[in-house]
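Below is one structure, written out as structure tokens; the observations come after it.
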Amino acid sequence: MQYPFSPMPNVLAAIESTMSPARLRRYLSAGKGDKNHALRLYVWNARLCEEFYIPVQFTEVALRNAIHRQLTDLYGENWFDRQRFTNIIPDRHKAEINKTAADERQKRGRSFTPDHVVAGMSFGFWQNLLGRSLEFILWPDGVGSAFPHLPQGFSRDEVYKRLERLRKFRNSVMHHYAIFDKGPVEEYRNIRTLLQWMCPETLWLMSELSNPAAVLQRRPAF
């Protein structure tokens, strides 16, 4: 699809006002000053972000579930309530766990399970459990096993750096930023690598369901 639409001037002006000139300005430069083409690029970029939804979701869910399984083995099913665990993490994460667990217990009532806490914690929480400050506590105690296919010789630091890259890209996608010229092909490779390290079978499914390169090839032409 080449997004061939060209709204009438009054319609285009209304759309620009609704979406904000500042937001469309990013695409106006890429569209060589043509407002209609800038709008086409904006829609195309939105389609590209949409194509990343499954890769980002699969990788984030795989990450938190993999770490959750390891923490359960180490501290028990309700690891988030165990002082042996909460005493070793930064205060900001203690606060996040306490709030998430309290909110979920209030919301779910008798149907509450640890899975509700797992789903409610931020991406940054899971990433930071692999941070340098916990390198000699959680990683050797078993959290490194969340990545059973990590190549020999690769360190915790390599995993953390790739997760940081994913976190930044994830935020760009979820906040509807322009990603078409931010190396989306390389970002997709990074996502694939992380998922490969956790579960090759899930990577296979993700690959069957997403193809950002195909969307990139459909960039609107003048």
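Labels used: A, B, ... for chains in the order of the structure tokens, numbers from 1 for residues in each chain, and numbers from 1 for ligands as shown.
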Non-local contacts of stretch 41-52 of chain A (7 Å; only C-alpha atoms; under 3 positions in same chain excluded) as a PyMOL selection string: chain A and resi 27+37-38+55-56+173+178-180+210-212+215+219-220
Restrict the selected residues to C-alpha atoms and save them as a PDB file, in the first residue's frame.
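The resulting file, result35.pdb, is reproduced below:
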ATOM      1  CA  TYR A  27       7.797  13.992   8.770  1.00  0.00           C
ATOM      2  CA  HIS A  37       3.494  13.345   1.772  1.00  0.00           C
ATOM      3  CA  ALA A  38       4.392  14.068   5.398  1.00  0.00           C
ATOM      4  CA  PRO A  55       8.033  -8.735  18.570  1.00  0.00           C
ATOM      5  CA  VAL A  56       8.159  -6.306  21.496  1.00  0.00           C
ATOM      6  CA  VAL A 173       7.185   2.475  19.558  1.00  0.00           C
ATOM      7  CA  ALA A 178       9.205   8.218  14.405  1.00  0.00           C
ATOM      8  CA  ILE A 179      11.185   4.983  14.099  1.00  0.00           C
ATOM      9  CA  PHE A 180      11.510   4.615  10.322  1.00  0.00           C
ATOM     10  CA  SER A 210       5.939 -10.142  11.924  1.00  0.00           C
ATOM     11  CA  ASN A 211       7.961  -8.715   9.046  1.00  0.00           C
ATOM     12  CA  PRO A 212       9.095  -5.102   9.584  1.00  0.00           C
ATOM     13  CA  VAL A 215       6.631  -2.619   5.790  1.00  0.00           C
ATOM     14  CA  ARG A 219       7.545   3.542   2.109  1.00  0.00           C
ATOM     15  CA  PRO A 220       5.238   6.010   0.336  1.00  0.00           C
TER      16      PRO A 220
END
Long-range neighbours of stretch 155-158 of chain A as a VMD selection string, 10 Å cut-off, only C-alpha atoms, 3 positions minimum in chain: chain A and resid 130 to 132 135 139 to 140 143 to 144 147 150 to 152 161 to 164
Dump as a CSV table (one decimal), in the first residue's frame, selection limited to C-alpha atoms:
chain,number,residue,atom,x,y,z
A,130,LEU,CA,20.1,-8.1,35.5
A,131,GLY,CA,21.9,-4.9,36.3
A,132,ARG,CA,25.5,-4.6,37.6
A,135,GLU,CA,25.5,-9.2,39.2
A,139,TRP,CA,22.8,-13.7,38.1
A,140,PRO,CA,25.0,-16.6,39.5
A,143,VAL,CA,18.5,-15.7,37.1
A,144,GLY,CA,21.1,-16.2,34.3
A,147,PHE,CA,18.6,-17.2,29.0
A,150,LEU,CA,23.0,-17.6,25.7
A,151,PRO,CA,26.1,-18.4,23.7
A,152,GLN,CA,29.1,-19.5,25.7
A,161,LYS,CA,23.0,-3.8,27.1
A,162,ARG,CA,20.7,-5.5,24.6
A,163,LEU,CA,17.7,-5.1,27.0
A,164,GLU,CA,18.5,-1.4,27.4
Which of stretch 92-169 of chain A DSSP labels helix (DSSP H, G or I), written as a ChimeraX atom specification: /A:92-111,114-120,123-128,132-134,138-141,143-146,156-169
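Each of A:Trp126, A:Phe222, A:Trp204, A:Phe169 was checked against A:Ile67 using only C-alpha atoms; the smallest atom-to-atom distance is that of A:Trp126.
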Point-to-point distance in Å for atom CA of A:Trp79 and atom CA of A:Arg108: 18.5 Å
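Atom CA of A:Val118 is positioned 25.1 Å from atom CA of A:Ser207.
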Point-to-point distance in Å for atom CA of A:Gln106 and atom CA of A:Gln70: 26.2 Å
